[in-house]
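Raw contents of input_10.cif, mmCIF, C-alpha atoms and all ligand atoms:
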data_protein
loop_
_atom_site.label_atom_id
_atom_site.label_comp_id
_atom_site.auth_asym_id
_atom_site.auth_seq_id
_atom_site.Cartn_x
_atom_site.Cartn_y
_atom_site.Cartn_z
CA MET A 1 16.67 -21.86 -15.30
CA PHE A 2 13.71 -19.48 -15.33
CA GLY A 3 14.71 -17.96 -18.69
CA ARG A 4 15.89 -14.41 -19.22
CA ARG A 5 13.79 -11.35 -19.85
CA PRO A 6 15.03 -8.06 -21.23
CA GLU A 7 15.61 -5.42 -18.58
CA ARG A 8 12.88 -2.80 -18.50
CA VAL A 9 14.17 0.75 -18.72
CA GLU A 10 12.67 4.20 -18.93
CA SER A 11 12.90 6.12 -22.17
CA GLY A 12 15.82 8.01 -20.59
CA GLY A 13 17.67 4.72 -20.16
CA GLY A 14 17.60 4.53 -16.32
CA PRO A 15 15.97 1.80 -14.29
CA ARG A 16 12.23 2.13 -13.76
CA ALA A 17 10.04 1.02 -10.93
CA ALA A 18 7.82 -2.01 -11.38
CA VAL A 19 5.56 -0.32 -8.83
CA ARG A 20 5.72 3.24 -7.63
CA MET A 21 3.50 4.58 -4.84
CA GLU A 22 3.27 8.34 -4.44
CA ALA A 23 1.72 9.88 -1.30
CA VAL A 24 -0.74 6.99 -1.14
CA ARG A 25 -3.44 7.22 1.49
CA LYS A 26 -6.26 4.78 2.10
CA THR A 27 -9.15 5.47 4.45
CA TYR A 28 -11.86 2.91 5.14
CA GLY A 29 -15.26 4.20 6.23
CA ASN A 30 -15.92 7.80 7.21
CA GLY A 31 -16.73 10.07 10.10
CA ASP A 32 -15.98 8.73 13.57
CA SER A 33 -15.57 5.19 12.28
CA ALA A 34 -12.98 6.12 9.60
CA VAL A 35 -9.77 4.06 9.68
CA GLU A 36 -6.67 5.46 8.03
CA ALA A 37 -5.04 2.24 6.85
CA LEU A 38 -2.32 3.99 4.76
CA ARG A 39 -1.17 7.48 5.73
CA GLY A 40 1.10 8.77 3.00
CA ILE A 41 3.17 5.97 1.47
CA ASP A 42 6.01 6.99 -0.84
CA MET A 43 8.01 4.08 -2.13
CA GLN A 44 8.95 2.10 -5.17
CA PHE A 45 9.69 -1.50 -5.97
CA ASP A 46 12.43 -1.68 -8.60
CA TYR A 47 12.45 -4.26 -11.37
CA GLY A 48 14.21 -7.39 -10.26
CA SER A 49 13.96 -6.61 -6.55
CA PHE A 50 12.59 -8.93 -3.87
CA THR A 51 11.02 -6.93 -1.04
CA ALA A 52 9.39 -8.18 2.14
CA VAL A 53 6.74 -6.01 3.80
CA MET A 54 6.41 -6.46 7.55
CA GLY A 55 4.68 -4.77 10.43
CA PRO A 56 2.47 -5.45 13.42
CA SER A 57 -1.10 -6.63 12.88
CA GLY A 58 -3.25 -3.81 11.50
CA SER A 59 -0.26 -1.77 10.29
CA GLY A 60 -1.55 -1.72 6.70
CA LYS A 61 0.42 -4.50 4.96
CA SER A 62 -2.58 -6.04 3.16
CA THR A 63 -3.93 -2.63 2.23
CA LEU A 64 -0.53 -1.66 0.79
CA LEU A 65 -0.42 -4.86 -1.25
CA GLN A 66 -3.97 -4.41 -2.51
CA THR A 67 -3.47 -0.80 -3.58
CA ALA A 68 -0.07 -1.55 -5.14
CA ALA A 69 -1.63 -4.43 -7.10
CA GLY A 70 -4.60 -2.40 -8.34
CA LEU A 71 -7.06 -4.52 -6.37
CA ASP A 72 -8.15 -1.44 -4.47
CA GLN A 73 -7.96 2.29 -5.25
CA PRO A 74 -6.15 4.69 -2.92
CA SER A 75 -8.21 7.46 -1.29
CA ALA A 76 -5.42 9.88 -2.30
CA GLY A 77 -2.07 9.75 -4.05
CA ARG A 78 -1.27 7.53 -7.01
CA VAL A 79 0.09 4.13 -7.95
CA LEU A 80 2.06 3.43 -11.12
CA LEU A 81 2.23 -0.20 -12.14
CA ASP A 82 4.88 -0.95 -14.76
CA GLY A 83 4.75 2.76 -15.61
CA VAL A 84 0.94 2.88 -15.96
CA ASP A 85 -0.93 5.27 -13.66
CA LEU A 86 -3.85 3.38 -12.09
CA THR A 87 -5.63 6.57 -10.99
CA GLY A 88 -9.18 6.81 -12.29
CA LYS A 89 -9.14 3.45 -14.06
CA ASN A 90 -12.41 1.55 -13.89
CA GLU A 91 -12.73 -2.04 -12.68
CA VAL A 92 -12.59 -3.51 -16.20
CA ALA A 93 -9.39 -1.63 -17.05
CA LEU A 94 -7.83 -2.56 -13.70
CA THR A 95 -8.68 -6.23 -14.23
CA GLU A 96 -7.03 -6.17 -17.65
CA LEU A 97 -3.96 -4.46 -16.25
CA ARG A 98 -3.66 -6.99 -13.43
CA ARG A 99 -3.95 -9.89 -15.87
CA GLU A 100 -1.17 -8.40 -17.96
CA LYS A 101 1.18 -7.10 -15.29
CA VAL A 102 0.61 -8.87 -11.97
CA GLY A 103 0.97 -12.38 -10.56
CA PHE A 104 -0.43 -13.39 -7.16
CA ILE A 105 0.60 -16.01 -4.63
CA PHE A 106 -1.61 -16.54 -1.58
CA GLN A 107 -1.15 -18.33 1.73
CA SER A 108 -3.97 -20.72 0.85
CA PHE A 109 -2.62 -21.48 -2.69
CA ASN A 110 -6.04 -20.69 -4.32
CA LEU A 111 -5.69 -23.28 -7.08
CA LEU A 112 -8.85 -24.33 -8.88
CA PRO A 113 -9.54 -27.84 -7.54
CA ALA A 114 -11.28 -29.22 -10.64
CA LEU A 115 -8.47 -28.20 -13.00
CA THR A 116 -5.25 -30.14 -13.50
CA ILE A 117 -1.88 -28.62 -12.61
CA GLU A 118 -1.29 -27.86 -16.28
CA GLN A 119 -4.72 -26.20 -16.62
CA ASN A 120 -4.20 -24.13 -13.48
CA VAL A 121 -0.90 -22.79 -14.78
CA THR A 122 -2.36 -22.16 -18.24
CA LEU A 123 -5.35 -20.21 -16.92
CA PRO A 124 -3.69 -16.76 -16.51
CA LEU A 125 -2.54 -16.91 -20.16
CA LYS A 126 -6.08 -17.72 -21.30
CA LEU A 127 -7.62 -15.01 -19.11
CA ALA A 128 -5.16 -12.49 -20.57
CA GLY A 129 -6.18 -13.59 -24.08
CA ARG A 130 -2.68 -14.78 -24.87
CA ARG A 131 -1.67 -17.62 -27.10
CA VAL A 132 -0.98 -20.70 -25.03
CA ASP A 133 2.39 -22.20 -25.81
CA ARG A 134 2.21 -25.69 -24.29
CA ASN A 135 5.98 -26.06 -24.32
CA ARG A 136 6.35 -22.87 -22.34
CA VAL A 137 3.74 -23.97 -19.78
CA ALA A 138 5.49 -27.34 -19.45
CA ASP A 139 8.81 -25.54 -19.02
CA VAL A 140 7.51 -23.30 -16.21
CA ILE A 141 6.07 -26.36 -14.45
CA ARG A 142 9.37 -28.19 -14.90
CA ARG A 143 11.21 -25.30 -13.29
CA VAL A 144 9.17 -25.74 -10.10
CA GLY A 145 9.92 -29.47 -10.21
CA LEU A 146 6.42 -30.76 -10.99
CA GLU A 147 6.79 -32.01 -14.55
CA GLN A 148 5.61 -35.47 -13.45
CA ARG A 149 2.35 -33.99 -12.13
CA LEU A 150 0.97 -32.14 -15.16
CA LYS A 151 -2.28 -34.14 -15.25
CA HIS A 152 -2.78 -34.34 -11.49
CA LEU A 153 -5.39 -32.35 -9.56
CA PRO A 154 -4.31 -29.94 -6.79
CA GLY A 155 -5.93 -32.17 -4.17
CA GLU A 156 -3.46 -34.92 -5.08
CA LEU A 157 -0.47 -32.71 -4.17
CA SER A 158 1.09 -31.72 -0.84
CA GLY A 159 0.82 -28.12 0.41
CA GLY A 160 4.37 -27.33 -0.68
CA GLN A 161 3.74 -28.79 -4.14
CA GLN A 162 0.52 -26.78 -4.46
CA GLN A 163 2.39 -23.61 -3.59
CA ARG A 164 4.98 -24.45 -6.25
CA VAL A 165 2.12 -24.71 -8.77
CA ALA A 166 0.93 -21.31 -7.56
CA ILE A 167 4.42 -19.90 -8.21
CA ALA A 168 4.37 -21.34 -11.74
CA ARG A 169 0.91 -19.84 -12.27
CA ALA A 170 2.10 -16.44 -10.97
CA VAL A 171 5.16 -16.22 -13.25
CA VAL A 172 3.80 -17.83 -16.42
CA THR A 173 2.69 -14.50 -17.90
CA GLU A 174 6.08 -12.90 -17.09
CA PRO A 175 4.36 -10.20 -15.02
CA ALA A 176 6.01 -6.93 -14.04
CA VAL A 177 5.53 -7.88 -10.39
CA VAL A 178 4.45 -10.85 -8.28
CA PHE A 179 2.64 -10.08 -5.02
CA ALA A 180 2.89 -12.84 -2.43
CA ASP A 181 0.68 -12.64 0.66
CA GLU A 182 2.12 -14.87 3.42
CA PRO A 183 3.17 -17.47 0.82
CA THR A 184 4.71 -19.76 3.44
CA GLY A 185 2.15 -19.21 6.20
CA ALA A 186 0.57 -22.64 5.73
CA LEU A 187 3.79 -24.60 5.23
CA ASP A 188 6.20 -26.39 7.57
CA THR A 189 9.70 -24.96 7.93
CA ARG A 190 11.46 -27.19 5.41
CA THR A 191 8.76 -26.86 2.75
CA ALA A 192 8.65 -23.10 3.34
CA ALA A 193 12.41 -22.93 2.70
CA GLU A 194 11.96 -24.76 -0.63
CA VAL A 195 9.23 -22.33 -1.71
CA LEU A 196 11.32 -19.32 -0.67
CA ASP A 197 14.32 -20.73 -2.56
CA LEU A 198 12.15 -20.90 -5.68
CA LEU A 199 10.99 -17.30 -5.26
CA ARG A 200 14.59 -16.18 -4.73
CA GLU A 201 15.67 -18.13 -7.80
CA SER A 202 13.04 -16.46 -9.99
CA VAL A 203 14.42 -13.08 -8.87
CA MET A 204 18.06 -14.05 -9.43
CA VAL A 205 17.61 -15.82 -12.74
CA THR A 206 14.80 -14.03 -14.58
CA GLY A 207 14.81 -10.71 -12.75
CA GLN A 208 11.27 -11.26 -11.48
CA THR A 209 10.09 -8.48 -9.16
CA ILE A 210 8.51 -9.82 -5.96
CA VAL A 211 6.71 -8.03 -3.12
CA MET A 212 5.98 -10.38 -0.23
CA VAL A 213 3.94 -9.68 2.89
CA THR A 214 5.08 -11.90 5.75
CA HIS A 215 5.10 -12.16 9.54
CA ASP A 216 8.09 -14.50 9.48
CA PRO A 217 11.61 -13.00 9.92
CA VAL A 218 13.15 -16.09 8.31
CA ALA A 219 10.95 -15.69 5.21
CA ALA A 220 11.77 -11.98 5.11
CA SER A 221 15.51 -12.76 5.16
CA TYR A 222 15.21 -14.29 1.67
CA ALA A 223 14.36 -10.82 0.31
CA ASP A 224 16.85 -8.13 -0.75
CA GLY A 225 15.20 -5.70 1.61
CA VAL A 226 12.48 -5.43 4.23
CA VAL A 227 10.13 -2.47 4.55
CA PHE A 228 8.44 -2.02 7.93
CA LEU A 229 5.04 -0.43 8.42
CA ILE A 230 3.42 0.96 11.54
CA ASP A 231 0.03 2.58 11.54
CA GLY A 232 -0.06 2.95 7.77
CA GLN A 233 3.33 4.64 7.54
CA ILE A 234 6.77 3.41 6.61
CA ALA A 235 8.74 2.95 9.81
CA GLY A 236 12.08 1.86 8.38
CA GLU A 237 13.88 -0.47 6.07
CA ILE A 238 16.62 -3.11 6.30
CA ARG A 239 18.82 -4.00 3.34
CA ASN A 240 20.28 -7.52 3.07
CA PRO A 241 18.25 -8.69 6.07
CA THR A 242 19.16 -11.48 8.45
CA PRO A 243 16.41 -13.25 10.45
CA GLU A 244 17.92 -11.87 13.68
CA ALA A 245 17.98 -8.25 12.48
CA VAL A 246 14.39 -8.51 11.23
CA ALA A 247 13.16 -10.15 14.45
CA ASP A 248 14.89 -7.46 16.55
CA ARG A 249 13.27 -4.67 14.53
CA MET A 250 9.85 -6.31 14.75
CA THR A 251 10.16 -6.68 18.52
CA HIS A 252 11.04 -3.01 18.78
CA LEU A 253 8.16 -1.90 16.50
CA THR A 254 5.60 -4.10 18.22
CA ALA A 255 6.63 -2.64 21.59
CA LEU A 256 6.14 0.88 20.18
CA VAL A 257 2.65 0.00 19.01
CA GLU A 258 1.62 -1.75 22.21
CA GLN A 259 2.91 0.85 24.64
CA PRO A 260 0.42 3.60 23.76
CA ARG A 261 -2.38 1.02 23.54
CA ARG A 262 -1.67 -0.04 27.09
CA THR A 263 -1.29 3.54 28.27
CA TYR A 264 -4.16 5.22 26.46
CA GLY A 265 -6.24 2.34 25.12
CA ALA A 266 -5.98 3.86 21.63
CA GLY A 267 -7.85 2.01 18.90
CA GLN A 268 -6.34 1.19 15.52
CA SER A 269 -7.49 4.51 14.11
CA GLY A 270 -6.17 6.45 17.10
CA LYS A 271 -3.18 8.75 16.73
CA ARG A 272 -0.22 7.54 18.74
CA GLY A 273 2.56 9.67 20.06
CA TYR A 274 5.65 7.74 19.08
CA TYR A 275 6.81 9.83 16.15
N1 LIG B 301 -12.34 -3.32 4.42
C1 LIG B 301 -12.00 -2.68 5.53
N2 LIG B 301 -12.88 -1.89 6.17
C2 LIG B 301 -12.54 -1.20 7.27
N3 LIG B 301 -11.31 -1.22 7.84
C3 LIG B 301 -10.39 -2.01 7.25
C4 LIG B 301 -10.67 -2.78 6.09
N4 LIG B 301 -9.55 -3.44 5.74
C5 LIG B 301 -8.62 -3.12 6.65
N5 LIG B 301 -9.12 -2.26 7.55
C6 LIG B 301 -8.38 -1.65 8.66
O1 LIG B 301 -7.24 -1.01 8.14
C7 LIG B 301 -6.11 -1.20 8.98
C8 LIG B 301 -5.00 -1.90 8.21
O2 LIG B 301 -5.45 -3.22 7.90
P1 LIG B 301 -4.57 -4.26 7.08
O3 LIG B 301 -5.39 -5.48 6.91
O4 LIG B 301 -4.04 -3.60 5.87
O5 LIG B 301 -3.37 -4.53 8.11
P2 LIG B 301 -2.32 -5.73 8.12
O6 LIG B 301 -1.02 -5.12 8.52
O7 LIG B 301 -2.37 -6.48 6.84
O8 LIG B 301 -2.88 -6.64 9.30
P3 LIG B 301 -2.68 -8.22 9.58
O9 LIG B 301 -1.22 -8.45 9.82
O10 LIG B 301 -3.46 -8.42 10.84
O11 LIG B 301 -3.24 -8.95 8.41
C9 LIG B 301 -6.61 -1.98 10.19
O12 LIG B 301 -6.94 -1.05 11.19
C10 LIG B 301 -7.85 -2.67 9.66
O13 LIG B 301 -8.76 -2.91 10.71
#
If you convert what's in this file into structure tokens, what do you get?
Amino acid sequence: MFGRRPERVESGGGPRAAVRMEAVRKTYGNGDSAVEALRGIDMQFDYGSFTAVMGPSGSGKSTLLQTAAGLDQPSAGRVLLDGVDLTGKNEVALTELRREKVGFIFQSFNLLPALTIEQNVTLPLKLAGRRVDRNRVADVIRRVGLEQRLKHLPGELSGGQQQRVAIARAVVTEPAVVFADEPTGALDTRTAAEVLDLLRESVMVTGQTIVMVTHDPVAASYADGVVFLIDGQIAGEIRNPTPEAVADRMTHLTALVEQPRRTYGAGQSGKRGYY
């Protein structure tokens, strides 16, 4: 339904990562006020995988997403996006790379209110300087079930419908990876399930790679795997997650984080003794 795309392979013929993070560190500020948001992340997101990123508040999920997407530069280590090393690239080059290789879905939809649904979905193609194939745009909008709404404005749609437009906008350029930041955070349970079904479908049918930050174990269970962060480090992984397994792990991790806070009053930049 989403149309097929050729599998991306390395010159050697093996599968390649849509995103690879090598020893990535990110420090905000300096001196006494420095916060180590990421403390040595080594991981990769394979083509065609759907990964949820979870962790307690302040564990570094947003920072991981921003560095993986080339929205922010690591303080150390490197990020390869669709095989391209982002290290040392200036803002203009990063913007071009993002337009070519990345799609975004946000909790708050972030559609442009004065543009129609069709124009919103077309925009990433125009920004990337690509030829706009109206049939293709219509097809992507049809796949998210909004073909009757092409000429409507976002304000005329429900939250769930707006998020479906955002999915169409994110996949229209056939990006190497879609980053979704709490995509169901503003939706009721049933609408959230519809949106997650669509994300899952784009992975199953077109091999879209998706990295999704979420606080919701049910949302995470739609992914192939869940990566857990604590204090800017990877604290484990679950393959083929169920909501129960994810919730259990989160309860355990949150207890680990809160225990030293209660005992020592450590701040978010403080070193904690649970490793
Ligand atoms: N721009 C910034 N300047 C200074 N510190 C920051 C900045 N952005 C994030 N931080 C800090 O880095 C750490 C990780 O933050 P991040 O937002 O990545 O965590 P998170 O897991 O996404 O949190 P939440 O679930 O609450 O959104 C936190 O201690 C946060 O306070």
Distance table requested - chain A against ligand LIG 301 (chain B), cut-off 9 Å, all atoms listed in the file: one row per qualifying residue with the closest atom pair and its distance in Å to one decimal, ordered by chain and rising residue number, as JSON lines.
{"residue": "A:Lys26", "atom": "CA", "partner": "B:LIG301", "partner_atom": "O1", "distance": 8.4}
{"residue": "A:Thr27", "atom": "CA", "partner": "B:LIG301", "partner_atom": "O1", "distance": 7.7}
{"residue": "A:Tyr28", "atom": "CA", "partner": "B:LIG301", "partner_atom": "C2", "distance": 4.7}
{"residue": "A:Gly29", "atom": "CA", "partner": "B:LIG301", "partner_atom": "C2", "distance": 6.1}
{"residue": "A:Ser33", "atom": "CA", "partner": "B:LIG301", "partner_atom": "C2", "distance": 8.7}
{"residue": "A:Ala34", "atom": "CA", "partner": "B:LIG301", "partner_atom": "C2", "distance": 7.7}
{"residue": "A:Val35", "atom": "CA", "partner": "B:LIG301", "partner_atom": "N3", "distance": 5.8}
{"residue": "A:Glu36", "atom": "CA", "partner": "B:LIG301", "partner_atom": "O1", "distance": 6.5}
{"residue": "A:Ala37", "atom": "CA", "partner": "B:LIG301", "partner_atom": "O1", "distance": 4.1}
{"residue": "A:Leu38", "atom": "CA", "partner": "B:LIG301", "partner_atom": "C8", "distance": 7.3}
{"residue": "A:Met54", "atom": "CA", "partner": "B:LIG301", "partner_atom": "O6", "distance": 7.6}
{"residue": "A:Gly55", "atom": "CA", "partner": "B:LIG301", "partner_atom": "O6", "distance": 6.0}
{"residue": "A:Pro56", "atom": "CA", "partner": "B:LIG301", "partner_atom": "O9", "distance": 6.0}
{"residue": "A:Ser57", "atom": "CA", "partner": "B:LIG301", "partner_atom": "O9", "distance": 3.6}
{"residue": "A:Gly58", "atom": "CA", "partner": "B:LIG301", "partner_atom": "O5", "distance": 3.5}
{"residue": "A:Ser59", "atom": "CA", "partner": "B:LIG301", "partner_atom": "O6", "distance": 3.9}
{"residue": "A:Gly60", "atom": "CA", "partner": "B:LIG301", "partner_atom": "O4", "distance": 3.2}
{"residue": "A:Lys61", "atom": "CA", "partner": "B:LIG301", "partner_atom": "O6", "distance": 3.9}
{"residue": "A:Ser62", "atom": "CA", "partner": "B:LIG301", "partner_atom": "O7", "distance": 3.7}
{"residue": "A:Thr63", "atom": "CA", "partner": "B:LIG301", "partner_atom": "O4", "distance": 3.8}
{"residue": "A:Leu64", "atom": "CA", "partner": "B:LIG301", "partner_atom": "O4", "distance": 6.5}
{"residue": "A:Leu65", "atom": "CA", "partner": "B:LIG301", "partner_atom": "O4", "distance": 8.1}
{"residue": "A:Gln66", "atom": "CA", "partner": "B:LIG301", "partner_atom": "O4", "distance": 8.4}
{"residue": "A:Val213", "atom": "CA", "partner": "B:LIG301", "partner_atom": "O7", "distance": 8.1}
{"residue": "A:Thr214", "atom": "CA", "partner": "B:LIG301", "partner_atom": "O9", "distance": 8.3}
{"residue": "A:His215", "atom": "CA", "partner": "B:LIG301", "partner_atom": "O9", "distance": 7.3}
{"residue": "A:Leu229", "atom": "CA", "partner": "B:LIG301", "partner_atom": "O6", "distance": 7.7}
{"residue": "A:Ile230", "atom": "CA", "partner": "B:LIG301", "partner_atom": "O6", "distance": 8.1}
{"residue": "A:Asp231", "atom": "CA", "partner": "B:LIG301", "partner_atom": "C8", "distance": 7.5}
{"residue": "A:Gly232", "atom": "CA", "partner": "B:LIG301", "partner_atom": "C8", "distance": 6.9}
{"residue": "A:Gly267", "atom": "CA", "partner": "B:LIG301", "partner_atom": "O12", "distance": 8.3}
{"residue": "A:Gln268", "atom": "CA", "partner": "B:LIG301", "partner_atom": "O12", "distance": 4.9}
{"residue": "A:Ser269", "atom": "CA", "partner": "B:LIG301", "partner_atom": "O12", "distance": 6.3}
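Taking CA of Phe109 (chain A) and CA of Gln161 (chain A) as endpoints, the distance between them is 9.8 Å.
Between Gly207 (chain A) and the residues A:Met43, A:Val144, A:Leu150, A:Val178, the shortest atom-to-atom distance, using all atoms listed in the file, involves A:Val178.
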Grab the CA of Thr116 (chain A) to CA of Leu153 (chain A) distance for me, in Å with one decimal place. 4.5 Å
So which residues touch Ala68 (chain A) within 8 Å, counting only C-alpha atoms, skipping near sequence neighbours fewer than 5 positions away, as a PyMOL selection string? chain A and resi 19-21+79+81
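For the pair CA of Val227 (chain A) and CA of Gln163 (chain A), the interatomic distance is 23.9 Å.
Here the question is which of A:Pro183, A:Gly159, A:Pro175, A:Pro113 gets nearest to Ala69 (chain A) using only C-alpha atoms, and that residue is A:Pro175.
Minimum atom-to-atom distance to Leu86 (chain A), evaluated using only C-alpha atoms, belongs to A:Leu71 out of A:Val140, A:Ala186, A:Leu71, A:Ala223.
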Leaving out Arg78 (chain A) and any residue of its chain fewer than 4 positions from it, which residues lie within 10 Å of it when counting only C-alpha atoms, given as JSON, numbers by chain? {"A": [20, 21, 22, 23, 24, 25, 41, 42, 67, 68, 73, 74, 85, 86, 87, 88]}
Save the residues we just selected, C-alpha atoms, as a PDB file, in the coordinates of the input?
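Listed below is the output, selection.pdb:
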ATOM      1  CA  ARG A  20       5.720   3.240  -7.630  1.00  0.00           C
ATOM      2  CA  MET A  21       3.500   4.580  -4.840  1.00  0.00           C
ATOM      3  CA  GLU A  22       3.270   8.340  -4.440  1.00  0.00           C
ATOM      4  CA  ALA A  23       1.720   9.880  -1.300  1.00  0.00           C
ATOM      5  CA  VAL A  24      -0.740   6.990  -1.140  1.00  0.00           C
ATOM      6  CA  ARG A  25      -3.440   7.220   1.490  1.00  0.00           C
ATOM      7  CA  ILE A  41       3.170   5.970   1.470  1.00  0.00           C
ATOM      8  CA  ASP A  42       6.010   6.990  -0.840  1.00  0.00           C
ATOM      9  CA  THR A  67      -3.470  -0.800  -3.580  1.00  0.00           C
ATOM     10  CA  ALA A  68      -0.070  -1.550  -5.140  1.00  0.00           C
ATOM     11  CA  GLN A  73      -7.960   2.290  -5.250  1.00  0.00           C
ATOM     12  CA  PRO A  74      -6.150   4.690  -2.920  1.00  0.00           C
ATOM     13  CA  ASP A  85      -0.930   5.270 -13.660  1.00  0.00           C
ATOM     14  CA  LEU A  86      -3.850   3.380 -12.090  1.00  0.00           C
ATOM     15  CA  THR A  87      -5.630   6.570 -10.990  1.00  0.00           C
ATOM     16  CA  GLY A  88      -9.180   6.810 -12.290  1.00  0.00           C
TER      17      GLY A  88
END
